[in-house]
$ cat data14.cif   # mmCIF, C-alpha atoms
data_coords
loop_
_atom_site.label_atom_id
_atom_site.label_comp_id
_atom_site.auth_asym_id
_atom_site.auth_seq_id
_atom_site.Cartn_x
_atom_site.Cartn_y
_atom_site.Cartn_z
CA MET A 1 -18.65 31.75 2.61
CA ILE A 2 -16.45 30.06 0.02
CA ASP A 3 -16.45 31.85 -3.31
CA LYS A 4 -18.56 29.58 -5.54
CA THR A 5 -17.15 31.12 -8.71
CA ILE A 6 -14.13 28.81 -8.33
CA ILE A 7 -16.32 25.81 -9.23
CA GLY A 8 -14.79 24.48 -12.45
CA LYS A 9 -11.41 26.03 -11.75
CA GLN A 10 -8.55 23.84 -12.91
CA TYR A 11 -5.21 24.15 -11.15
CA PRO A 12 -1.80 23.84 -12.84
CA ALA A 13 -0.52 20.30 -13.40
CA PHE A 14 1.89 18.91 -10.79
CA THR A 15 4.43 16.10 -10.94
CA VAL A 16 5.36 13.75 -8.12
CA GLU A 17 7.97 11.00 -8.13
CA VAL A 18 7.16 7.79 -6.24
CA GLU A 19 10.34 7.08 -4.30
CA LYS A 20 10.93 3.63 -2.81
CA ARG A 21 11.74 5.09 0.58
CA TRP A 22 8.44 6.99 0.55
CA VAL A 23 6.45 3.84 -0.25
CA ARG A 24 8.13 2.04 2.66
CA SER A 25 7.57 4.88 5.12
CA PHE A 26 3.93 5.22 4.06
CA ALA A 27 3.37 1.48 4.43
CA GLU A 28 5.00 1.59 7.86
CA ALA A 29 2.83 4.54 8.95
CA ILE A 30 -0.43 2.68 8.20
CA GLY A 31 0.87 -0.46 9.92
CA GLU A 32 1.27 -2.55 6.77
CA THR A 33 3.24 -5.75 7.23
CA ASN A 34 2.97 -7.31 3.78
CA PRO A 35 6.56 -7.60 2.46
CA VAL A 36 5.53 -6.53 -1.07
CA TYR A 37 5.40 -2.92 0.22
CA PHE A 38 8.91 -3.08 1.72
CA ASP A 39 11.02 -5.61 -0.15
CA GLU A 40 11.59 -5.27 -3.87
CA SER A 41 12.23 -8.98 -4.41
CA ALA A 42 8.93 -9.84 -2.67
CA ALA A 43 7.19 -7.25 -4.87
CA LYS A 44 8.69 -8.69 -8.05
CA SER A 45 7.82 -12.25 -7.00
CA ALA A 46 4.22 -11.05 -6.62
CA GLY A 47 4.28 -9.69 -10.18
CA TYR A 48 4.86 -5.98 -9.51
CA ARG A 49 7.45 -3.87 -11.40
CA SER A 50 8.73 -2.52 -8.08
CA LEU A 51 7.21 -1.81 -4.65
CA PRO A 52 3.48 -1.27 -5.20
CA THR A 53 1.91 1.69 -3.42
CA PRO A 54 -0.87 0.95 -0.87
CA PRO A 55 -4.40 1.86 -2.04
CA THR A 56 -4.56 5.22 -0.26
CA PHE A 57 -1.07 6.35 -1.31
CA PRO A 58 -2.37 8.55 -4.18
CA PHE A 59 -3.83 10.91 -1.56
CA ALA A 60 -0.37 11.29 0.00
CA MET A 61 0.83 12.27 -3.47
CA ILE A 62 -1.70 15.07 -3.84
CA MET A 63 -0.92 16.24 -0.32
CA ASP A 64 2.81 16.16 -1.12
CA ALA A 65 2.03 18.38 -4.10
CA ASN A 66 0.21 20.71 -1.65
CA GLN A 67 -3.02 20.45 -3.66
CA SER A 68 -5.50 20.51 -0.75
CA PHE A 69 -3.80 23.12 1.42
CA MET A 70 -3.11 25.29 -1.65
CA ILE A 71 -6.85 25.78 -2.16
CA LEU A 72 -7.51 26.39 1.54
CA ASP A 73 -4.76 29.01 1.60
CA GLU A 74 -6.10 30.61 -1.55
CA LEU A 75 -9.56 30.82 0.01
CA GLY A 76 -8.18 32.09 3.33
CA ILE A 77 -9.52 29.09 5.25
CA ASP A 78 -7.82 28.16 8.54
CA LYS A 79 -6.57 24.56 8.17
CA ARG A 80 -7.57 23.83 11.78
CA ARG A 81 -11.23 24.31 10.79
CA ALA A 82 -10.93 22.02 7.77
CA MET A 83 -11.62 18.31 7.94
CA HIS A 84 -11.70 15.53 5.41
CA GLY A 85 -15.33 14.65 4.71
CA GLU A 86 -15.23 12.09 1.93
CA GLN A 87 -12.58 10.46 -0.20
CA SER A 88 -12.74 8.13 -3.16
CA PHE A 89 -10.23 6.43 -5.42
CA ASP A 90 -10.90 4.81 -8.80
CA TYR A 91 -7.96 2.70 -9.90
CA HIS A 92 -7.09 2.22 -13.57
CA THR A 93 -3.57 0.79 -13.55
CA ASP A 94 -0.96 -0.06 -10.93
CA LEU A 95 1.22 2.57 -9.27
CA CYS A 96 4.69 1.49 -8.20
CA ALA A 97 7.91 2.93 -6.85
CA GLY A 98 9.86 4.55 -9.67
CA ASP A 99 6.76 5.95 -11.36
CA VAL A 100 6.62 9.66 -12.08
CA VAL A 101 3.05 10.83 -11.84
CA THR A 102 1.45 13.96 -13.22
CA GLY A 103 -1.81 15.17 -11.80
CA GLN A 104 -4.27 17.94 -12.25
CA GLN A 105 -6.88 19.07 -9.75
CA LYS A 106 -10.14 20.85 -10.39
CA VAL A 107 -12.90 22.17 -8.17
CA VAL A 108 -16.13 20.32 -8.99
CA ASP A 109 -18.55 21.52 -6.31
CA ILE A 110 -19.00 23.86 -3.36
CA TYR A 111 -22.07 23.74 -1.12
CA ASP A 112 -23.10 24.40 2.45
CA LYS A 113 -25.34 22.88 5.11
CA LYS A 114 -26.84 24.16 8.39
CA ASN A 115 -27.18 27.72 7.05
CA GLY A 116 -23.51 27.93 6.18
CA ALA A 117 -22.20 26.49 9.46
CA LEU A 118 -20.66 23.72 7.38
CA GLU A 119 -19.22 24.28 3.93
CA PHE A 120 -18.13 21.55 1.54
CA LEU A 121 -15.39 21.87 -1.06
CA VAL A 122 -15.24 19.03 -3.60
CA THR A 123 -12.25 18.51 -5.87
CA GLU A 124 -11.25 15.86 -8.38
CA THR A 125 -7.71 14.96 -9.37
CA ARG A 126 -6.69 12.78 -12.29
CA LEU A 127 -3.30 11.05 -12.13
CA GLU A 128 -1.28 9.77 -15.09
CA ASN A 129 2.07 8.00 -15.10
CA GLN A 130 5.22 8.64 -17.14
CA ARG A 131 3.85 6.45 -19.95
CA GLY A 132 0.73 8.56 -20.23
CA GLU A 133 -1.41 5.81 -18.67
CA HIS A 134 -4.39 6.82 -16.56
CA VAL A 135 -3.48 5.66 -13.03
CA CYS A 136 -6.15 6.87 -10.64
CA ASP A 137 -8.94 9.38 -10.11
CA LEU A 138 -9.39 10.91 -6.68
CA ARG A 139 -12.41 12.77 -5.41
CA THR A 140 -11.98 14.70 -2.19
CA THR A 141 -14.56 16.50 -0.05
CA VAL A 142 -13.21 18.90 2.55
CA VAL A 143 -15.60 20.12 5.26
CA VAL A 144 -15.03 23.57 6.70
CA ARG A 145 -16.55 24.29 10.13
CA ASN A 146 -17.49 27.97 10.30
CA MET B 1 -7.95 -17.44 -3.98
CA VAL B 2 -11.35 -15.79 -3.72
CA ALA B 3 -13.65 -17.01 -6.55
CA PHE B 4 -16.52 -14.93 -7.95
CA GLU B 5 -18.89 -17.92 -8.19
CA GLU B 6 -18.46 -18.80 -4.52
CA ILE B 7 -19.20 -15.31 -3.20
CA LYS B 8 -22.75 -14.52 -2.11
CA VAL B 9 -24.36 -11.18 -1.35
CA GLY B 10 -24.37 -10.79 2.44
CA ASP B 11 -21.11 -12.71 2.94
CA THR B 12 -18.55 -11.00 5.13
CA ILE B 13 -14.86 -10.74 4.42
CA PRO B 14 -12.29 -11.46 7.17
CA PRO B 15 -12.24 -8.46 9.55
CA LEU B 16 -9.06 -6.62 10.51
CA THR B 17 -8.40 -5.19 13.97
CA LYS B 18 -5.42 -2.88 14.12
CA PRO B 19 -3.15 -2.10 17.07
CA ALA B 20 -4.18 1.05 19.01
CA ILE B 21 -3.37 4.32 17.21
CA THR B 22 -0.37 6.01 18.82
CA HIS B 23 0.96 9.57 18.72
CA LEU B 24 4.06 8.15 17.06
CA GLN B 25 1.90 6.66 14.32
CA LEU B 26 0.23 10.04 13.73
CA ALA B 27 3.66 11.67 13.50
CA LEU B 28 4.78 9.02 11.00
CA TYR B 29 1.57 9.49 9.02
CA ALA B 30 1.95 13.29 9.06
CA GLY B 31 5.33 12.79 7.39
CA ALA B 32 4.63 9.90 5.01
CA GLY B 33 1.10 11.09 4.21
CA ALA B 34 2.41 14.63 3.67
CA ASP B 35 -0.38 15.99 5.88
CA HIS B 36 1.15 18.52 8.27
CA ASN B 37 -2.11 19.86 9.67
CA PRO B 38 -1.15 20.57 13.31
CA ILE B 39 -4.45 19.15 14.66
CA HIS B 40 -2.92 15.66 14.27
CA VAL B 41 0.25 16.26 16.28
CA ASP B 42 -0.20 19.37 18.43
CA GLU B 43 -2.71 19.28 21.32
CA GLN B 44 -2.90 23.07 21.65
CA ALA B 45 -3.50 23.57 17.93
CA ALA B 46 -6.23 20.92 17.96
CA LYS B 47 -7.99 22.63 20.90
CA ALA B 48 -7.59 26.05 19.29
CA GLY B 49 -9.34 24.55 16.26
CA GLY B 50 -12.31 23.62 18.45
CA LEU B 51 -11.49 19.93 18.76
CA PRO B 52 -11.41 17.98 22.04
CA GLY B 53 -7.74 17.16 21.42
CA ILE B 54 -5.46 15.61 18.85
CA ILE B 55 -7.38 13.62 16.23
CA ALA B 56 -6.06 11.03 13.81
CA HIS B 57 -5.81 11.80 10.12
CA GLY B 58 -9.01 10.48 8.53
CA MET B 59 -6.76 8.90 5.94
CA LEU B 60 -5.24 6.61 8.57
CA PRO B 61 -8.35 4.44 9.17
CA LEU B 62 -8.96 4.62 5.41
CA GLY B 63 -5.48 3.16 4.99
CA PHE B 64 -6.60 0.39 7.35
CA LEU B 65 -9.65 -0.21 5.14
CA GLY B 66 -7.31 -0.51 2.16
CA GLN B 67 -5.37 -3.11 4.09
CA LEU B 68 -8.59 -4.99 4.92
CA LEU B 69 -9.16 -5.36 1.17
CA THR B 70 -5.59 -6.21 0.15
CA LEU B 71 -5.50 -8.91 2.81
CA TRP B 72 -8.56 -10.41 1.11
CA VAL B 73 -7.55 -10.10 -2.56
CA PRO B 74 -4.31 -8.99 -4.29
CA GLN B 75 -4.20 -5.22 -4.63
CA SER B 76 -4.13 -5.48 -8.43
CA GLN B 77 -7.79 -6.62 -8.20
CA LEU B 78 -8.94 -3.49 -6.34
CA ARG B 79 -10.94 -1.23 -8.67
CA SER B 80 -12.29 1.44 -6.33
CA LEU B 81 -12.30 2.51 -2.70
CA SER B 82 -14.38 5.28 -1.19
CA THR B 83 -15.48 6.40 2.23
CA ARG B 84 -17.34 9.01 4.23
CA PHE B 85 -15.55 10.14 7.35
CA VAL B 86 -18.39 9.99 9.87
CA GLY B 87 -16.47 9.98 13.15
CA MET B 88 -13.11 11.03 14.47
CA ALA B 89 -10.39 8.65 15.63
CA PHE B 90 -8.20 9.58 18.57
CA PRO B 91 -4.85 8.33 19.85
CA GLY B 92 -5.47 5.10 21.79
CA ASP B 93 -8.40 4.03 19.63
CA VAL B 94 -8.46 0.45 18.41
CA ILE B 95 -9.96 0.33 14.94
CA THR B 96 -11.71 -2.68 13.47
CA CYS B 97 -12.40 -2.83 9.74
CA SER B 98 -15.10 -5.00 8.25
CA GLY B 99 -16.72 -5.66 4.91
CA ARG B 100 -19.91 -7.22 3.62
CA ILE B 101 -20.68 -8.17 0.02
CA ALA B 102 -23.34 -5.77 -1.27
CA GLY B 103 -23.58 -6.86 -4.88
CA LYS B 104 -22.16 -8.84 -7.78
CA ARG B 105 -22.06 -7.68 -11.38
CA GLU B 106 -20.17 -7.92 -14.65
CA HIS B 107 -18.79 -4.80 -16.29
CA ALA B 108 -16.38 -4.37 -19.23
CA GLY B 109 -15.61 -8.08 -19.22
CA GLU B 110 -14.79 -8.18 -15.50
CA LYS B 111 -16.58 -9.99 -12.70
CA LEU B 112 -16.98 -7.37 -9.99
CA VAL B 113 -18.00 -7.57 -6.37
CA ASP B 114 -19.18 -4.46 -4.51
CA ILE B 115 -18.45 -4.41 -0.81
CA ASP B 116 -19.84 -2.20 1.97
CA ILE B 117 -16.94 -1.43 4.27
CA ALA B 118 -16.78 0.14 7.72
CA ALA B 119 -14.19 1.19 10.25
CA GLN B 120 -15.35 1.22 13.88
CA ASN B 121 -13.65 2.16 17.13
CA GLN B 122 -13.50 0.03 20.28
CA LYS B 123 -16.93 1.36 21.36
CA GLY B 124 -18.49 0.11 18.13
CA GLU B 125 -18.98 3.64 16.80
CA ASN B 126 -18.70 4.04 13.04
CA LEU B 127 -15.78 6.22 12.01
CA GLN B 128 -15.92 5.47 8.31
CA LEU B 129 -18.62 4.04 6.07
CA GLY B 130 -17.57 3.26 2.55
CA LYS B 131 -17.66 1.10 -0.50
CA ALA B 132 -15.12 -0.82 -2.48
CA THR B 133 -15.17 -2.78 -5.71
CA VAL B 134 -12.87 -5.69 -6.50
CA ALA B 135 -12.51 -7.81 -9.63
CA LEU B 136 -12.58 -11.57 -9.10
CA ALA B 137 -11.77 -14.46 -11.41
#

$ encode --input "data14.cif" --output "structure tokens"
Amino acid sequence: MIDKTIIGKQYPAFTVEVEKRWVRSFAEAIGETNPVYFDESAAKSAGYRSLPTPPTFPFAMIMDANQSFMILDELGIDKRRAMHGEQSFDYHTDLCAGDVVTGQQKVVDIYDKKNGALEFLVTETRLENQRGEHVCDLRTTVVVRN
Amino acid sequence: MVAFEEIKVGDTIPPLTKPAITHLQLALYAGAGADHNPIHVDEQAAKAGGLPGIIAHGMLPLGFLGQLLTLWVPQSQLRSLSTRFVGMAFPGDVITCSGRIAGKREHAGEKLVDIDIAAQNQKGENLQLGKATVALA
């Protein structure tokens, strides 16, 4: 069983830089075709500072910072038994290529179902940009199949 | 442009059907999404983890749901996106994303529309059930 005493634990802040090439490769991976995600002039014509990041990009940022797997490793959970259960994003300001984002993750809940056969690990991560603006809040539920 | 006054609860937004998920796409997503869990690229690892085979990253169909919304309104109008991953997607699956207006409200000076969103596979099985909120003029 996951150690419930880590509820409330806050992990050290991490910093991730949003590189243009990363935005393009992410957009390509999800099958985006809108030129704003690939072509800087199209992005600027649409009113963005640079290439905007697709809506689910912030999760790639927390994965790049190893935030989800870090906790699984710390808890000794085999990644192959872990699945994404729920994910939410609340957007506060735009996130574009060139931004340098700082985030901090905390554990907000741990619970189980089916007499412990399924365990749920819930974390929240707040992201801020280089200007100190609140960019996005993510809430992630990971399901562990025991 | 989508106008708040013209939207009614129960309206649907234009659906999006994506090309079939490929192994190449999962490899690209593993890299760009920074999710190197082997269950998405390695058949043996997926089976050792108790799965029937390679499964797609749950974040891939959620990316499709994001695209459903940004095809409807500019991304700058998206306020929130959330989902429950209720079914697994596999290579070869053709995912269709849909949305239905669930509510209209005003909050902090913005006219907001809440949308129930879903991603289904080619058999009509729900893979993701979620909600999104967009601001309209």

$ closest_atom_pairs --input "data14.cif" --of "chain B" --to "chain A" --cutoff "8 Å" --atoms "all atoms listed in the file" --output "Markdown table"
| residue | atom | partner | partner_atom | distance |
| --- | --- | --- | --- | --- |
| B:Lys18 | CA | A:Gly31 | CA | 7.9 |
| B:Gln25 | CA | A:Ala29 | CA | 5.8 |
| B:Leu26 | CA | A:Ala29 | CA | 7.7 |
| B:Leu28 | CA | A:Ala29 | CA | 5.3 |
| B:Tyr29 | CA | A:Ala29 | CA | 5.1 |
| B:Ala32 | CA | A:Phe26 | CA | 4.8 |
| B:Gly33 | CA | A:Ala60 | CA | 4.5 |
| B:Ala34 | CA | A:Asp64 | CA | 5.0 |
| B:Asp35 | CA | A:Met63 | CA | 6.2 |
| B:Asn37 | CA | A:Lys79 | CA | 6.7 |
| B:Pro38 | CA | A:Arg80 | CA | 7.4 |
| B:Ile39 | CA | A:Arg80 | CA | 6.3 |
| B:Ala45 | CA | A:Arg80 | CA | 7.4 |
| B:Ala46 | CA | A:Arg80 | CA | 7.0 |
| B:Ala48 | CA | A:Arg80 | CA | 7.8 |
| B:Gly49 | CA | A:Arg80 | CA | 4.9 |
| B:Gly50 | CA | A:Arg81 | CA | 7.8 |
| B:Gly58 | CA | A:His84 | CA | 6.5 |
| B:Met59 | CA | A:Thr56 | CA | 7.5 |
| B:Leu60 | CA | A:Ile30 | CA | 6.2 |
| B:Leu62 | CA | A:Thr56 | CA | 7.2 |
| B:Gly63 | CA | A:Thr56 | CA | 5.7 |
| B:Phe64 | CA | A:Ile30 | CA | 6.6 |
| B:Gly66 | CA | A:Pro55 | CA | 5.6 |
| B:Gln67 | CA | A:Glu32 | CA | 7.2 |
| B:Gln75 | CA | A:Pro55 | CA | 7.5 |
| B:Ser76 | CA | A:Asp94 | CA | 6.8 |
| B:Leu78 | CA | A:Tyr91 | CA | 7.2 |
| B:Arg79 | CA | A:Tyr91 | CA | 5.1 |
| B:Ser80 | CA | A:Asp90 | CA | 4.4 |
| B:Leu81 | CA | A:Phe89 | CA | 5.2 |
| B:Ser82 | CA | A:Ser88 | CA | 3.8 |
| B:Thr83 | CA | A:Gln87 | CA | 5.5 |
| B:Arg84 | CA | A:Glu86 | CA | 4.4 |
| B:Phe85 | CA | A:Gly85 | CA | 5.2 |
| B:Val86 | CA | A:Gly85 | CA | 7.6 |

$ resolve_selection --input "data14.cif" --expression "the PyMOL selection byres ((chain A and resi 3-12) around 8)" --output "compact mmCIF listing (two decimals) with C-alpha atoms, keeping the file's coordinate frame"
# COMPACT_ATOMS: atom_id res chain seq x y z
CA MET A 1 -18.65 31.75 2.61
CA ILE A 2 -16.45 30.06 0.02
CA ALA A 13 -0.52 20.30 -13.40
CA PHE A 14 1.89 18.91 -10.79
CA LEU A 75 -9.56 30.82 0.01
CA GLN A 104 -4.27 17.94 -12.25
CA GLN A 105 -6.88 19.07 -9.75
CA LYS A 106 -10.14 20.85 -10.39
CA VAL A 107 -12.90 22.17 -8.17
CA VAL A 108 -16.13 20.32 -8.99
CA ASP A 109 -18.55 21.52 -6.31
CA ILE A 110 -19.00 23.86 -3.36

$ closest_residue --input "data14.cif" --among "B:Thr133, B:Ser98, B:Gln128, B:Gln44" --to "Pro15 of chain B" --atoms "only C-alpha atoms"
B:Ser98

$ atom_distance --input "data14.cif" --atom1 "atom CA of Pro74 of chain B" --atom2 "atom CA of Gly132 of chain A"
24.2 Å

$ axis_aligned_box --input "data14.cif" --around "segment 118-124 of chain B" --padding-each-side "5 Å" --output "JSON"
{"center_x": -16.0, "center_y": 1.1, "center_z": 14.5, "size_x": 15.0, "size_y": 12.1, "size_z": 23.6}

$ decode --input "data14.cif" --residues "segment 8-114 of chain A" --atoms "C-alpha atoms" --output "PDB file, in the first residue's frame"
ATOM      1  CA  GLY A   8       0.740  17.071   1.611  1.00  0.00           C
ATOM      2  CA  LYS A   9       4.347  16.496   0.627  1.00  0.00           C
ATOM      3  CA  GLN A  10       5.691  19.252  -1.589  1.00  0.00           C
ATOM      4  CA  TYR A  11       8.512  18.424  -3.981  1.00  0.00           C
ATOM      5  CA  PRO A  12      11.369  20.777  -4.909  1.00  0.00           C
ATOM      6  CA  ALA A  13      10.619  23.356  -7.603  1.00  0.00           C
ATOM      7  CA  PHE A  14      11.667  22.477 -11.160  1.00  0.00           C
ATOM      8  CA  THR A  15      12.324  24.647 -14.203  1.00  0.00           C
ATOM      9  CA  VAL A  16      11.595  23.739 -17.813  1.00  0.00           C
ATOM     10  CA  GLU A  17      12.336  25.774 -20.932  1.00  0.00           C
ATOM     11  CA  VAL A  18       9.774  25.665 -23.750  1.00  0.00           C
ATOM     12  CA  GLU A  19      11.905  25.175 -26.853  1.00  0.00           C
ATOM     13  CA  LYS A  20      10.429  25.856 -30.293  1.00  0.00           C
ATOM     14  CA  ARG A  21      11.584  22.502 -31.588  1.00  0.00           C
ATOM     15  CA  TRP A  22       9.810  20.774 -28.685  1.00  0.00           C
ATOM     16  CA  VAL A  23       6.535  22.579 -29.393  1.00  0.00           C
ATOM     17  CA  ARG A  24       6.724  21.500 -33.046  1.00  0.00           C
ATOM     18  CA  SER A  25       7.549  17.873 -32.234  1.00  0.00           C
ATOM     19  CA  PHE A  26       4.757  17.722 -29.646  1.00  0.00           C
ATOM     20  CA  ALA A  27       2.262  19.197 -32.105  1.00  0.00           C
ATOM     21  CA  GLU A  28       3.386  16.692 -34.727  1.00  0.00           C
ATOM     22  CA  ALA A  29       3.023  13.775 -32.293  1.00  0.00           C
ATOM     23  CA  ILE A  30      -0.635  14.582 -31.547  1.00  0.00           C
ATOM     24  CA  GLY A  31      -1.368  15.074 -35.250  1.00  0.00           C
ATOM     25  CA  GLU A  32      -1.863  18.837 -35.099  1.00  0.00           C
ATOM     26  CA  THR A  33      -1.949  20.560 -38.468  1.00  0.00           C
ATOM     27  CA  ASN A  34      -2.694  24.151 -37.462  1.00  0.00           C
ATOM     28  CA  PRO A  35       0.299  26.234 -38.671  1.00  0.00           C
ATOM     29  CA  VAL A  36       0.317  28.356 -35.481  1.00  0.00           C
ATOM     30  CA  TYR A  37       2.016  25.407 -33.710  1.00  0.00           C
ATOM     31  CA  PHE A  38       4.742  25.078 -36.358  1.00  0.00           C
ATOM     32  CA  ASP A  39       5.344  28.422 -38.044  1.00  0.00           C
ATOM     33  CA  GLU A  40       6.345  31.449 -36.017  1.00  0.00           C
ATOM     34  CA  SER A  41       4.953  33.945 -38.532  1.00  0.00           C
ATOM     35  CA  ALA A  42       1.565  32.170 -38.472  1.00  0.00           C
ATOM     36  CA  ALA A  43       1.673  32.255 -34.658  1.00  0.00           C
ATOM     37  CA  LYS A  44       2.457  35.965 -34.583  1.00  0.00           C
ATOM     38  CA  SER A  45      -0.266  36.727 -37.147  1.00  0.00           C
ATOM     39  CA  ALA A  46      -2.689  34.948 -34.804  1.00  0.00           C
ATOM     40  CA  GLY A  47      -1.594  37.208 -31.931  1.00  0.00           C
ATOM     41  CA  TYR A  48       0.808  34.888 -30.091  1.00  0.00           C
ATOM     42  CA  ARG A  49       4.280  35.971 -28.870  1.00  0.00           C
ATOM     43  CA  SER A  50       5.780  32.841 -30.435  1.00  0.00           C
ATOM     44  CA  LEU A  51       4.571  29.283 -31.128  1.00  0.00           C
ATOM     45  CA  PRO A  52       1.757  28.589 -28.644  1.00  0.00           C
ATOM     46  CA  THR A  53       1.857  25.229 -26.879  1.00  0.00           C
ATOM     47  CA  PRO A  54      -1.103  22.847 -27.446  1.00  0.00           C
ATOM     48  CA  PRO A  55      -3.488  22.520 -24.470  1.00  0.00           C
ATOM     49  CA  THR A  56      -2.001  19.289 -23.118  1.00  0.00           C
ATOM     50  CA  PHE A  57       1.630  20.403 -23.465  1.00  0.00           C
ATOM     51  CA  PRO A  58       1.976  21.331 -19.752  1.00  0.00           C
ATOM     52  CA  PHE A  59       1.759  17.618 -18.913  1.00  0.00           C
ATOM     53  CA  ALA A  60       4.734  16.943 -21.203  1.00  0.00           C
ATOM     54  CA  MET A  61       6.579  19.593 -19.191  1.00  0.00           C
ATOM     55  CA  ILE A  62       5.972  17.868 -15.871  1.00  0.00           C
ATOM     56  CA  MET A  63       6.939  14.547 -17.426  1.00  0.00           C
ATOM     57  CA  ASP A  64      10.104  16.126 -18.843  1.00  0.00           C
ATOM     58  CA  ALA A  65      10.899  17.262 -15.307  1.00  0.00           C
ATOM     59  CA  ASN A  66      10.381  13.619 -14.223  1.00  0.00           C
ATOM     60  CA  GLN A  67       7.713  14.645 -11.709  1.00  0.00           C
ATOM     61  CA  SER A  68       5.393  11.636 -12.089  1.00  0.00           C
ATOM     62  CA  PHE A  69       8.013   8.903 -12.353  1.00  0.00           C
ATOM     63  CA  MET A  70      10.031  10.486  -9.524  1.00  0.00           C
ATOM     64  CA  ILE A  71       7.187   9.780  -7.095  1.00  0.00           C
ATOM     65  CA  LEU A  72       6.621   6.251  -8.420  1.00  0.00           C
ATOM     66  CA  ASP A  73      10.329   5.506  -8.028  1.00  0.00           C
ATOM     67  CA  GLU A  74      10.335   6.981  -4.543  1.00  0.00           C
ATOM     68  CA  LEU A  75       7.391   4.764  -3.583  1.00  0.00           C
ATOM     69  CA  GLY A  76       8.927   1.696  -5.248  1.00  0.00           C
ATOM     70  CA  ILE A  77       6.029   1.335  -7.696  1.00  0.00           C
ATOM     71  CA  ASP A  78       6.666  -0.505 -10.974  1.00  0.00           C
ATOM     72  CA  LYS A  79       5.832   1.938 -13.806  1.00  0.00           C
ATOM     73  CA  ARG A  80       4.278  -0.904 -15.821  1.00  0.00           C
ATOM     74  CA  ARG A  81       1.548  -1.190 -13.166  1.00  0.00           C
ATOM     75  CA  ALA A  82       0.856   2.545 -13.171  1.00  0.00           C
ATOM     76  CA  MET A  83      -1.719   4.141 -15.433  1.00  0.00           C
ATOM     77  CA  HIS A  84      -3.036   7.641 -15.863  1.00  0.00           C
ATOM     78  CA  GLY A  85      -6.495   7.819 -14.304  1.00  0.00           C
ATOM     79  CA  GLU A  86      -7.527  11.447 -14.528  1.00  0.00           C
ATOM     80  CA  GLN A  87      -5.965  14.661 -15.726  1.00  0.00           C
ATOM     81  CA  SER A  88      -7.073  18.263 -15.568  1.00  0.00           C
ATOM     82  CA  PHE A  89      -5.667  21.596 -16.675  1.00  0.00           C
ATOM     83  CA  ASP A  90      -6.777  25.062 -15.559  1.00  0.00           C
ATOM     84  CA  TYR A  91      -5.328  27.742 -17.797  1.00  0.00           C
ATOM     85  CA  HIS A  92      -4.519  31.219 -16.501  1.00  0.00           C
ATOM     86  CA  THR A  93      -2.319  32.771 -19.186  1.00  0.00           C
ATOM     87  CA  ASP A  94      -0.812  31.651 -22.481  1.00  0.00           C
ATOM     88  CA  LEU A  95       2.269  29.451 -22.692  1.00  0.00           C
ATOM     89  CA  CYS A  96       4.518  29.934 -25.706  1.00  0.00           C
ATOM     90  CA  ALA A  97       7.882  28.841 -27.045  1.00  0.00           C
ATOM     91  CA  GLY A  98      10.637  30.800 -25.335  1.00  0.00           C
ATOM     92  CA  ASP A  99       8.925  30.741 -21.947  1.00  0.00           C
ATOM     93  CA  VAL A 100      10.844  29.410 -18.975  1.00  0.00           C
ATOM     94  CA  VAL A 101       8.439  27.761 -16.586  1.00  0.00           C
ATOM     95  CA  THR A 102       8.886  26.928 -12.933  1.00  0.00           C
ATOM     96  CA  GLY A 103       6.655  24.359 -11.321  1.00  0.00           C
ATOM     97  CA  GLN A 104       6.097  22.736  -8.013  1.00  0.00           C
ATOM     98  CA  GLN A 105       4.280  19.483  -7.375  1.00  0.00           C
ATOM     99  CA  LYS A 106       2.537  18.327  -4.230  1.00  0.00           C
ATOM    100  CA  VAL A 107       0.716  15.164  -3.245  1.00  0.00           C
ATOM    101  CA  VAL A 108      -2.910  16.032  -2.464  1.00  0.00           C
ATOM    102  CA  ASP A 109      -4.562  12.633  -1.973  1.00  0.00           C
ATOM    103  CA  ILE A 110      -3.955   8.889  -1.818  1.00  0.00           C
ATOM    104  CA  TYR A 111      -6.805   6.380  -1.651  1.00  0.00           C
ATOM    105  CA  ASP A 112      -7.643   2.853  -2.697  1.00  0.00           C
ATOM    106  CA  LYS A 113     -10.579   0.907  -4.111  1.00  0.00           C
ATOM    107  CA  LYS A 114     -11.454  -2.807  -4.348  1.00  0.00           C
TER     108      LYS A 114
END
